[in-house]
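One structure is given below, encoded as structure tokens.
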There are 4 protein chains.
Amino acid sequence: MAEIKVGIIGATGYTGSELVRLLLGHSNVSIDVVTSRSHAGKRFSTLHPQFETLFDEELEPTEAVADHELDVVFLALPHGVSMDFVAQYGVEKHRVIDLSGDFRLAEPAMYKKWYRTAHRAQEALESAVFGLPELFRQRIRGARLVANPGCYPTSAILALAPLVKRGLIDPKTLIVDAKSGVTGAGVKPSATTHFAHVFGNFSAYGLLKHRHTPEIESAVGRYGGRDVQALFTPHLLPIDRGILTTVYATPTDPKPDPNSFQDALDATYEKERFVRVVDRAPDVKSVRGSNFCDLHATYDKRTGRVVILSVIDNLVKGAAGQAVQNMNVMFGQLEHRGLSSAPLTP
Amino acid sequence: MAEIKVGIIGATGYTGSELVRLLLGHSNVSIDVVTSRSHAGKRFSTLHPQFETLFDEELEPTEAVADHELDVVFLALPHGVSMDFVAQYGVEKHRVIDLSGDFRLAEPAMYKKWYRTAHRAQEALESAVFGLPELFRQRIRGARLVANPGCYPTSAILALAPLVKRGLIDPKTLIVDAKSGVTGAGVKPSATTHFAHVFGNFSAYGLLKHRHTPEIESAVGRYGGRDVQALFTPHLLPIDRGILTTVYATPTDPKPDPNSFQDALDATYEKERFVRVVDRAPDVKSVRGSNFCDLHATYDKRTGRVVILSVIDNLVKGAAGQAVQNMNVMFGQLEHRGLSSAPLTP
Amino acid sequence: MAEIKVGIIGATGYTGSELVRLLLGHSNVSIDVVTSRSHAGKRFSTLHPQFETLFDEELEPTEAVADHELDVVFLALPHGVSMDFVAQYGVEKHRVIDLSGDFRLAEPAMYKKWYRTAHRAQEALESAVFGLPELFRQRIRGARLVANPGCYPTSAILALAPLVKRGLIDPKTLIVDAKSGVTGAGVKPSATTHFAHVFGNFSAYGLLKHRHTPEIESAVGRYGGRDVQALFTPHLLPIDRGILTTVYATPTDPKPDPNSFQDALDATYEKERFVRVVDRAPDVKSVRGSNFCDLHATYDKRTGRVVILSVIDNLVKGAAGQAVQNMNVMFGQLEHRGLSSAPLTP
Amino acid sequence: MAEIKVGIIGATGYTGSELVRLLLGHSNVSIDVVTSRSHAGKRFSTLHPQFETLFDEELEPTEAVADHELDVVFLALPHGVSMDFVAQYGVEKHRVIDLSGDFRLAEPAMYKKWYRTAHRAQEALESAVFGLPELFRQRIRGARLVANPGCYPTSAILALAPLVKRGLIDPKTLIVDAKSGVTGAGVKPSATTHFAHVFGNFSAYGLLKHRHTPEIESAVGRYGGRDVQALFTPHLLPIDRGILTTVYATPTDPKPDPNSFQDALDATYEKERFVRVVDRAPDVKSVRGSNFCDLHATYDKRTGRVVILSVIDNLVKGAAGQAVQNMNVMFGQLEHRGLSSAPLTP
């Protein structure tokens with residue numbers, strides 16, 4: 001089978017280096033170009049020394065993408081920058097997997113509301129497919145532009161969508177209490193990512209305003225066929241990688257079968273390699289470095305609520321791993337190619 | 001003023017050593033006896049080397065408590081052991097501040113249900129006062145036996161009780177998503193407290209069954225004058241000290257004043273030294289080592305829910321610090337004596 | 001090529017699970033049996049939930065090894081237990097790679113001195129080969145019994161042996177100041193591996209008496225052809241994986257070429273895939289999860305000393321990864337098979 | 001006794017806030033002014049929210065110092081800025097305790113060599129006293145300008161100076177392998193202090209070139225009366241606070257009494273409240289938040305070397321705590337006033 005020729009646009013952050021890590025282990029890919037606005041001319045491994053001897057390619061400026069015949073480009077860019085890239089280079093010459101938030105919300109108006117800027121690639125936006133393969137695989141296959149889901153949304157949507165679709169929970173009662181490692185905040189140093197601040201610490205942030213809120217609501221709504229309302233509270237964990245999301249919902253049936261929620265997850269994901277429905281409270285370290293999402297649902301008879309726990313590695317299933325999974329779907333590859341490593345635990 | 005003569009029963013764990021740390025800084029206390037079942041005969045500072053030169057007293061067996069004229073004993077014992085101590089030594093010769101769960105639930109039947117054993121000091125139980133000074137100060141003053149609240153309950157009750165009392169939130173809709181550092185699990189080594197397991201990890205535990213659930217419900221209910229139902233989900237944070245509790249509730253008024261919740265906290269605690277109602281999302285490190293509880297409430301118009309954040313140091317306001325505060329209340333001391341240190345941050 | 005049939009003896013600890021992690025990614029291996037004394041009958045993935053769906057085999061008792069036709073067994077056993085296994089099952093029916101300290105010291109007398117017990121498999125000991133492929137590859141090829149080096153020794157020997165062999169440093173002046181993550185202490189819970197103790201902490205341990213001391217001295221001595229004396233100070237880092245070893249030595253030449261030390265490392269390892277001689281101070285996270293050893297040497301003209309920094313992942317190059325590398329050497333496989341993943345960074 | 005009127009110049013960093021933390025607990029001090037170049041006009045507790053309700057004073061610009069009658073100013077400024085402050089405001093109107101490196105090296109030439117800039121307050125430099133009270137108490141008493149020692153030097157000098165002075169170790173053979181928490185690197189965010197980089201990581205830095213090298217050599221030399229040469233290797237620990245320094249030296253006597261080194265430390269510090277000579281390997285958490293330095297010396301007969309371990313909290317004994325101790329010495333206060341809290345452990 002011919003190799004998939006890949007470009008990685010914006011390779012200086014955590015998502016960029018994670019894409020390289022995973023794609024180096026993919027037997028049917030060649031990374032033809034890696035770009036960086038700020039570090040063009042340097043070796044990739046100078047910025048990411050863990051890759052020394054493994055991937056010492058030179059970073060090129062973004063424009064260099066035009067000089068390569070690529071099958072797909074991964075956009076590991078900030079939101080705003082991604083849509084400008086798409087506006088400029090299109091999705092015809094190469095397919096696009098965008099890891100920013102730019103193509104995740106179908107409506108330009110919703111984008112404007114939450115991202116506080118107008119969308120500048122609306123035509124492309126119309127064609128974009130939300131890249132959560134377990135729920136939208138069919139549409140991803142033929143997509144030219146895949147919007148790779150956010151890290152929090154991935155963990156929340158996989159937990160909620162099956163229950164909403166089956167009408168098991170009231171889609172207006174969703175509470176998403178999520179906790180993420182610091183890599184989710186990006187590589188740029190700031191007071192809130194300073195080690196001395198985060199170490200031994202824990203806090204919520206972005207109360208009521210986080211941009212992943214509409215992403216969760218719209219993807220769960222689209223899959224479940226209902227209007228969805230979710231209260232989303234992100235928290236910053238003092239770890240590098242990993243998200244645990246605790247989801248609360250009210251069942252539609254006041255006296256539900258307590259097992260029905262876990263059963264619904266089981267049924268939805270029984271053939272999915274990357275979603276494990278487990279019979280214990282899952283922990284983030286059991287998925288570290290892997291593309292797994294571990295789920296567990298339980299029902300509290302006392303208070304009449306469902307609790308669902310969901311863990312992922314935010315850089316893998318929450319970003320680069322899911323992007324590679326999408327690529328595999330788009331190019332007819334085995335879906336787990338490059339993604340079969342066991343978690344790095346402990 | 002005469003010194004308060006203090007005994008600490010069970011001084012080998014984290015709560016015991018934290019009591020010593022705080023009481024050494026209290027200008028009106030003498031620690032007359034510290035006991036340990038398993039380590040009697042050793043120096044306290046052999047077990048807790050941080051105290052070398054500061055407190056090198058010898059640990060005595062529990063029975064030694066009878067040889068001392070004490071004003072108050074702190075019971076830093078496991079539940080079950082505490083009630084046996086009280087059954088044996090009573091509360092007449094000395095007042096008792098119990099840091100276990102043995103005297104926190106007023107009803108023996110409720111104790112039996114959640115602790116899975118019959119209560120063995122029921123007479124004392126009837127006289128026990130729940131030791132949350134900000135809410136029950138008056139009763140604590142005259143108490144012979146104070147049940148020092150659990151760490152999770154302290155953080156949750158301070159957040160919820162004022163809103164329930166004022167009828168601002170529906171007491172049947174409470175969701176308490178709490179995250180605690182590892183000292184909350186006690187000093188005993190186990191697979192789940194092994195550093196290599198906890199480091200870089202995060203998980204929920206004790207789903208639907210944690211014993212702090214009825215404690216939260218009954219204390220909020222007693223203060224608020226309503227029946228309360230709370231879904232409580234504890235999580236283990238990879239830090240040593242600190243609890244952040246995120247509380248969700250539905251307002252009773254479908255169109256409430258968005259500020260009314262924070263205002264109610266402000267009004268309740270405006271004269272309280274240890275409860276700070278802050279206008280940002282509080283973080284656990286801002287209270288590390290101190291007796292503070294920082295609170296912040298907000299209202300989400302989109303979903304019609306209240307979110308309250310509450311942080312404490314689980315070993316201080318969640319255990320030893322609150323115990324010292326209770327002692328101060330019981331003995332007519334300035335309430336902040338021994339508790340006025342600034343947090344250790346960063 | 002025929003698959004290598006593998007047994008893992010003692011699969012409940014960190015080394016056992018790390019062997020499974022790496023061997024699952026090896027295209028030419030089948031894991032035919034995994035054993036556990038204490039957990040036989042349970043599924044491997046019950047003990048190590050990260051492997052759920054990846055490796056759910058049942059743990060067998062040790063004796064089951066006799067029922068399998070195996071090419072090689074990995075002994076992930078405590079010292080003492082390993083030599084008894086070898087004494088009982090021999091090295092003829094299958095080759096043996098032992099990850100304990102039992103076969104690393106050539107002399108029974110030295111073993112007795114440092115391990116405080118007589119060696120109980122002395123015949124096998126005579127035939128054992130020290131499994132550091134970069135230095136002893138030729139002998140490993142034909143070995144029936146390979147003593148996989150300790151984690152600290154691996155990091156120290158790779159740094160020191162080339163310089164001693166070339167006569168660049170005085171082999172009586174070696175100081176090895178080493179810092180290791182907690183997985184090096186094993187999976188058994190104890191007061192010193194309790195999260196609340198280790199978190200935010202750092203200390204030295206095993207002063208002057210650590211068993212890796214003679215291992216470093218003898219391996220460097222054997223390779224370098226000189227008598228070696230090393231002062232070894234291990235420290236416990238509050239991380240899960242990783243060792244950084246800082247080595248100090250006095251050059252033999254009082255006015256050496258400052259670059260000669262780094263040059264010697266370069267020359268020794270230029271064809272080695274797993275040893276990277278880097279021109280910066282290496283950090284442990286740049287090798288996390290990988291089989292790399294990163295080295296850097298420098299010379300201080302002011303004080304006339306050489307400083308060498310060496311980092312590895314203690315569970316990979318310091319244990320399971322090196323064991324797989326040894327297996328590859330012994331069975332004529334590509335040496336990096338199963339070991340080519342990029343480090344998990346950040 | 002009259003209150004000491006204090007100013008803190010540069011209160012936005014870790015040292016500034018730590019000074020406030022300690023001075024708030026000092027019964028004989030009033031903090032009359034706190035300044036900040038970049039944040040003047042804000043409340044101190046806006047920058048350091050842990051102080052909310054405890055210290056809400058407004059930050060003033062540096063020049064405001066002239067408007068206050070102060071007994072002493074603490075300079076919590078970067079090097080370079082400190083000497084300019086002293087050049088401008090002098091040491092007559094108020095005494096000065098400088099926490100930067102500007103007045104620690106007696107010779108302008110040495111300052112220029114290591115700090116790569118000329119000294120701009122040479123007259124003041126001549127009068128400066130190195131503020132390590134245990135070794136130089138007498139001179140500190142009358143000093144107008146005290147150079148508060150660096151964090152690494154404090155830990156190393158307390159370990160080495162007594163042994164050099166007594167002629168027990170060869171002062172040309174010193175190796176100082178030191179490991180520090182991240183607060184030592186200051187509050188300014190950077191790639192190397194980003195949580196995701198430091199977490200789970202460990203590395204050396206500043207190889208052979210760290211400015212604390214000449215500070216260690218000159219202070220040990222001055223106290224010990226010999227020329228001293230030290231090879232100094234700092235490492236970055238993934239913790240917030242704490243330094244452990246492992247020191248190696250060659251005894252002058254080839255067959256020394258193995259206990260003589262620990263005995264010398266004992267004798268030197270037996271009346272010192274803040275230096276504890278302990279008979280175990282000390283750990284950094286046993287001094288967290290306190291002004292203690294714990295020391296332990298041992299001798300390795302095999303290799304003929306002395307090993308000394310030294311731990312401090314870099315922000316307390318390594319910075320603000322020692323500064324307060326110096327103030328107490330200078331103003332005839334009890335030396336431990338404001339510094340008597342027990343360590344915060346665990």
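Residues in the structure tokens are numbered from 1 in each chain, the chains being A, B, ... in the order shown, and ligands are numbered from 1 in the order shown.
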
Practice problem: Write out as a ChimeraX atom specification each polymer residue whose atoms come within 6 Å of range 95-97 of chain C, counting only C-alpha atoms; drop sequence neighbours fewer than 3 positions from it. | Solution: /C:72-74,91,144-146

Restricting the output to C-alpha atoms, write the selected residues as a PDB file, in the first residue's frame.
```
ATOM      1  CA  VAL C  72      13.566 -17.851  27.070  1.00  0.00           C
ATOM      2  CA  VAL C  73      12.262 -16.910  30.482  1.00  0.00           C
ATOM      3  CA  PHE C  74      12.523 -13.480  32.008  1.00  0.00           C
ATOM      4  CA  VAL C  91      19.278 -22.936  31.916  1.00  0.00           C
ATOM      5  CA  ARG C 144      22.303 -19.261  28.355  1.00  0.00           C
ATOM      6  CA  LEU C 145      21.978 -17.045  31.422  1.00  0.00           C
ATOM      7  CA  VAL C 146      22.102 -13.284  31.213  1.00  0.00           C
TER       8      VAL C 146
END
```

Practice problem: Show me which bits of chain A are within 7 Å of chain C, counting only C-alpha atoms, as number ranges by chain. | Solution: A: 21, 25, 49-51, 240, 286-287, 289, 341-346

Practice problem: Identify which of the residues A:Ser30, A:Ser82, A:Thr12, A:Thr298 lies closest to Leu59 in chain A, counting only C-alpha atoms when measuring atom-to-atom distances. | Solution: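 Once distances to Leu59 in chain A are computed over only C-alpha atoms, the minimum belongs to A:Thr12.
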
Practice problem: Check the smallest atom-to-atom distance from each of A:Pro234, A:Pro108, A:Gly90, A:Gly225 to Asp177 in chain A using only C-alpha atoms, then report the winner. | Solution: A:Pro234

Exercise. Do a neighbour search on Thr233 in chain D at 7 Å with only C-alpha atoms, toss out local chain neighbours closer than 2 positions, and write the hits as a list of chain:residue names.
Key: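 In the requested form, the answer reads D:Val176, D:Asp177, D:Ala178, D:Ala204, D:Leu207, D:Leu208, D:Leu231, D:His235.
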
Could you please take those selected residues and save N, CA and C atoms as an mmCIF file, in the first residue's frame?
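For reference, result_39.cif as written:
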```cif
data_model
loop_
_atom_site.group_PDB
_atom_site.id
_atom_site.type_symbol
_atom_site.label_atom_id
_atom_site.label_comp_id
_atom_site.auth_asym_id
_atom_site.auth_seq_id
_atom_site.Cartn_x
_atom_site.Cartn_y
_atom_site.Cartn_z
ATOM 1 N N VAL D 176 30.206 19.616 45.291
ATOM 2 C CA VAL D 176 28.906 20.009 45.832
ATOM 3 C C VAL D 176 27.839 19.659 44.797
ATOM 4 N N ASP D 177 27.153 18.549 45.045
ATOM 5 C CA ASP D 177 26.106 18.106 44.126
ATOM 6 C C ASP D 177 24.766 18.500 44.751
ATOM 7 N N ALA D 178 24.137 19.538 44.205
ATOM 8 C CA ALA D 178 22.981 20.143 44.868
ATOM 9 C C ALA D 178 21.726 20.018 44.019
ATOM 10 N N ALA D 204 20.336 18.421 35.465
ATOM 11 C CA ALA D 204 21.338 19.370 35.948
ATOM 12 C C ALA D 204 21.268 20.618 35.069
ATOM 13 N N LEU D 207 25.977 24.035 34.404
ATOM 14 C CA LEU D 207 27.184 23.248 34.651
ATOM 15 C C LEU D 207 28.452 24.108 34.687
ATOM 16 N N LEU D 208 29.187 24.025 35.776
ATOM 17 C CA LEU D 208 30.504 24.655 35.949
ATOM 18 C C LEU D 208 30.454 26.181 36.023
ATOM 19 N N LEU D 231 33.733 22.152 43.216
ATOM 20 C CA LEU D 231 33.027 21.871 41.970
ATOM 21 C C LEU D 231 31.553 21.801 42.317
ATOM 22 N N HIS D 235 21.067 20.972 40.317
ATOM 23 C CA HIS D 235 20.044 20.202 39.591
ATOM 24 C C HIS D 235 18.669 20.767 39.952
#
```

Exercise. Write out as a ChimeraX atom specification each polymer residue whose atoms come within 7 Å of Pro171 in chain A, counting only C-alpha atoms; drop sequence neighbours fewer than 3 positions from it.
Key: /A:164,174,227-229

Exercise. Do a neighbour search on Arg166 in chain C at 10 Å with only C-alpha atoms, toss out local chain neighbours closer than 3 positions, and write the hits as a PyMOL selection string.
Key: chain C and resi 161-163+169+224-225+261+264

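Restricting the calculation to only C-alpha atoms, the smallest distance between Ala185 in chain B and any of B:Gly242, B:Lys165, B:Ile9, B:Gly221 is found for B:Gly242.
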
Self-check item: CA of Asp71 in chain A to CA of Phe331 in chain A, distance in Å rounded to a single decimal
Solution: 9.2 Å

Practice problem: If you run DSSP over the backbone, which residues in range 131-328 of chain B end up strand (DSSP E or B)? Put them as a PyMOL selection string. | Solution: chain B and resi 145-147+169+174-180+194+203-204+230-236+243-249+251+275-277+283+293-300+305-312

Quiz item: What gap, in Å, lies between CA of Ala267 in chain A and CA of Ile140 in chain A?
Solution: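 Value for the CA of Ala267 in chain A-CA of Ile140 in chain A distance: 21.7 Å.
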
Practice problem: Report the distance between CA of Tyr111 in chain C and CA of Val316 in chain C in Å, rounded to one decimal place. | Solution: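 Between these atoms lies a distance of 24.9 Å.
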
Practice problem: Tell me which protein, DNA and RNA residues are within 12 Å of Asp253 in chain D, counting only C-alpha atoms, leaving out same-chain ones fewer than 4 positions away, and put them as a list in words. | Solution: Arg166, Gly167, Leu168, Ile169, Asp170, Ala249, Asp257, Pro258, Ser260, Phe261, Tyr299, Lys301, Gly304, Arg305 and Val306 of chain D

Convert the current residue selection to file output with N, CA and C atoms, as a CSV table (one decimal), in the first residue's frame.
```csv
chain,number,residue,atom,x,y,z
D,166,ARG,N,38.4,23.1,61.0
D,166,ARG,CA,39.1,22.2,61.9
D,166,ARG,C,40.1,21.3,61.1
D,167,GLY,N,40.3,21.6,59.9
D,167,GLY,CA,41.4,20.9,59.1
D,167,GLY,C,41.1,19.5,58.9
D,168,LEU,N,39.8,19.1,58.9
D,168,LEU,CA,39.4,17.7,58.8
D,168,LEU,C,39.4,17.3,57.3
D,169,ILE,N,39.1,18.2,56.4
D,169,ILE,CA,39.0,17.8,55.0
D,169,ILE,C,39.9,18.8,54.2
D,170,ASP,N,40.3,18.2,53.0
D,170,ASP,CA,41.1,19.0,52.1
D,170,ASP,C,40.3,19.9,51.3
D,249,ALA,N,34.1,15.1,50.0
D,249,ALA,CA,35.4,15.7,50.3
D,249,ALA,C,36.4,14.6,50.7
D,257,ASP,N,39.2,9.2,62.2
D,257,ASP,CA,38.2,8.6,63.0
D,257,ASP,C,36.9,8.8,62.2
D,258,PRO,N,36.2,7.7,61.9
D,258,PRO,CA,35.0,7.9,61.0
D,258,PRO,C,33.9,8.8,61.6
D,260,SER,N,34.5,11.6,63.3
D,260,SER,CA,35.1,12.9,63.6
D,260,SER,C,34.3,14.0,62.8
D,261,PHE,N,33.8,13.6,61.7
D,261,PHE,CA,33.1,14.6,60.8
D,261,PHE,C,31.7,15.0,61.4
D,299,TYR,N,31.4,8.8,56.8
D,299,TYR,CA,32.7,8.6,56.2
D,299,TYR,C,32.8,7.2,55.6
D,301,LYS,N,34.9,4.3,54.5
D,301,LYS,CA,36.2,3.7,54.6
D,301,LYS,C,36.7,3.1,53.3
D,304,GLY,N,37.5,6.2,51.1
D,304,GLY,CA,38.2,7.3,51.8
D,304,GLY,C,37.6,8.6,51.5
D,305,ARG,N,36.3,8.7,51.5
D,305,ARG,CA,35.7,10.0,51.3
D,305,ARG,C,34.7,10.3,52.4
D,306,VAL,N,34.5,11.6,52.6
D,306,VAL,CA,33.4,12.1,53.5
D,306,VAL,C,32.2,12.4,52.6
```

Practice problem: Mind the document's chain letters and residue numbers, and return as a list in words the residues of range 234-334 of chain D that DSSP labels alpha helix (DSSP H). | Solution: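 The residues of range 234-334 of chain D classed as alpha helix (DSSP H) are Ser260, Phe261, Gln262, Asp263, Ala264, Leu265, Asp266, Ala267, Thr268, Tyr269, Gly321, Gln322, Ala323, Val324, Gln325, Asn326, Met327, Asn328, Val329 and Met330 of chain D.
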
Go ahead and dump the residues you just picked, N, CA and C atoms, as an mmCIF file, in the first residue's frame.
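Saved file part-v2.cif follows:
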```cif
data_model
loop_
_atom_site.group_PDB
_atom_site.id
_atom_site.type_symbol
_atom_site.label_atom_id
_atom_site.label_comp_id
_atom_site.auth_asym_id
_atom_site.auth_seq_id
_atom_site.Cartn_x
_atom_site.Cartn_y
_atom_site.Cartn_z
ATOM 1 N N SER D 260 34.531 11.552 63.312
ATOM 2 C CA SER D 260 35.051 12.898 63.591
ATOM 3 C C SER D 260 34.303 13.978 62.821
ATOM 4 N N PHE D 261 33.757 13.628 61.668
ATOM 5 C CA PHE D 261 33.105 14.650 60.839
ATOM 6 C C PHE D 261 31.735 15.032 61.415
ATOM 7 N N GLN D 262 30.978 14.002 61.739
ATOM 8 C CA GLN D 262 29.690 14.272 62.380
ATOM 9 C C GLN D 262 29.922 14.958 63.738
ATOM 10 N N ASP D 263 30.954 14.513 64.451
ATOM 11 C CA ASP D 263 31.250 15.139 65.742
ATOM 12 C C ASP D 263 31.566 16.625 65.588
ATOM 13 N N ALA D 264 32.286 16.955 64.551
ATOM 14 C CA ALA D 264 32.652 18.363 64.344
ATOM 15 C C ALA D 264 31.407 19.200 64.072
ATOM 16 N N LEU D 265 30.477 18.635 63.297
ATOM 17 C CA LEU D 265 29.225 19.359 63.059
ATOM 18 C C LEU D 265 28.456 19.531 64.366
ATOM 19 N N ASP D 266 28.387 18.455 65.111
ATOM 20 C CA ASP D 266 27.718 18.501 66.418
ATOM 21 C C ASP D 266 28.295 19.603 67.298
ATOM 22 N N ALA D 267 29.592 19.616 67.400
ATOM 23 C CA ALA D 267 30.240 20.585 68.284
ATOM 24 C C ALA D 267 29.991 22.015 67.799
ATOM 25 N N THR D 268 30.067 22.210 66.502
ATOM 26 C CA THR D 268 29.881 23.563 65.966
ATOM 27 C C THR D 268 28.476 24.087 66.225
ATOM 28 N N TYR D 269 27.506 23.191 66.064
ATOM 29 C CA TYR D 269 26.122 23.674 66.054
ATOM 30 C C TYR D 269 25.324 23.311 67.303
ATOM 31 N N GLY D 321 13.760 33.404 55.500
ATOM 32 C CA GLY D 321 13.913 33.053 56.910
ATOM 33 C C GLY D 321 15.257 33.507 57.445
ATOM 34 N N GLN D 322 16.284 33.247 56.680
ATOM 35 C CA GLN D 322 17.604 33.697 57.110
ATOM 36 C C GLN D 322 17.680 35.218 57.159
ATOM 37 N N ALA D 323 16.976 35.874 56.262
ATOM 38 C CA ALA D 323 16.937 37.343 56.286
ATOM 39 C C ALA D 323 16.293 37.838 57.580
ATOM 40 N N VAL D 324 15.220 37.191 57.991
ATOM 41 C CA VAL D 324 14.573 37.575 59.246
ATOM 42 C C VAL D 324 15.506 37.256 60.426
ATOM 43 N N GLN D 325 16.160 36.116 60.338
ATOM 44 C CA GLN D 325 17.139 35.771 61.383
ATOM 45 C C GLN D 325 18.223 36.851 61.473
ATOM 46 N N ASN D 326 18.708 37.281 60.327
ATOM 47 C CA ASN D 326 19.705 38.363 60.321
ATOM 48 C C ASN D 326 19.138 39.633 60.944
ATOM 49 N N MET D 327 17.914 39.964 60.601
ATOM 50 C CA MET D 327 17.282 41.146 61.198
ATOM 51 C C MET D 327 17.240 41.003 62.723
ATOM 52 N N ASN D 328 16.860 39.842 63.190
ATOM 53 C CA ASN D 328 16.809 39.637 64.641
ATOM 54 C C ASN D 328 18.182 39.851 65.274
ATOM 55 N N VAL D 329 19.205 39.333 64.626
ATOM 56 C CA VAL D 329 20.564 39.525 65.140
ATOM 57 C C VAL D 329 20.925 41.012 65.144
ATOM 58 N N MET D 330 20.622 41.680 64.060
ATOM 59 C CA MET D 330 20.993 43.096 63.923
ATOM 60 C C MET D 330 20.274 43.985 64.932
#
```

Practice problem: For Glu69 in chain A, please output as a PyMOL selection string all residues within 10 Å (counting only C-alpha atoms; exclusion window: fewer than 4 positions along the same chain). | Solution: chain A and resi 5-7+32-33+65+93-94
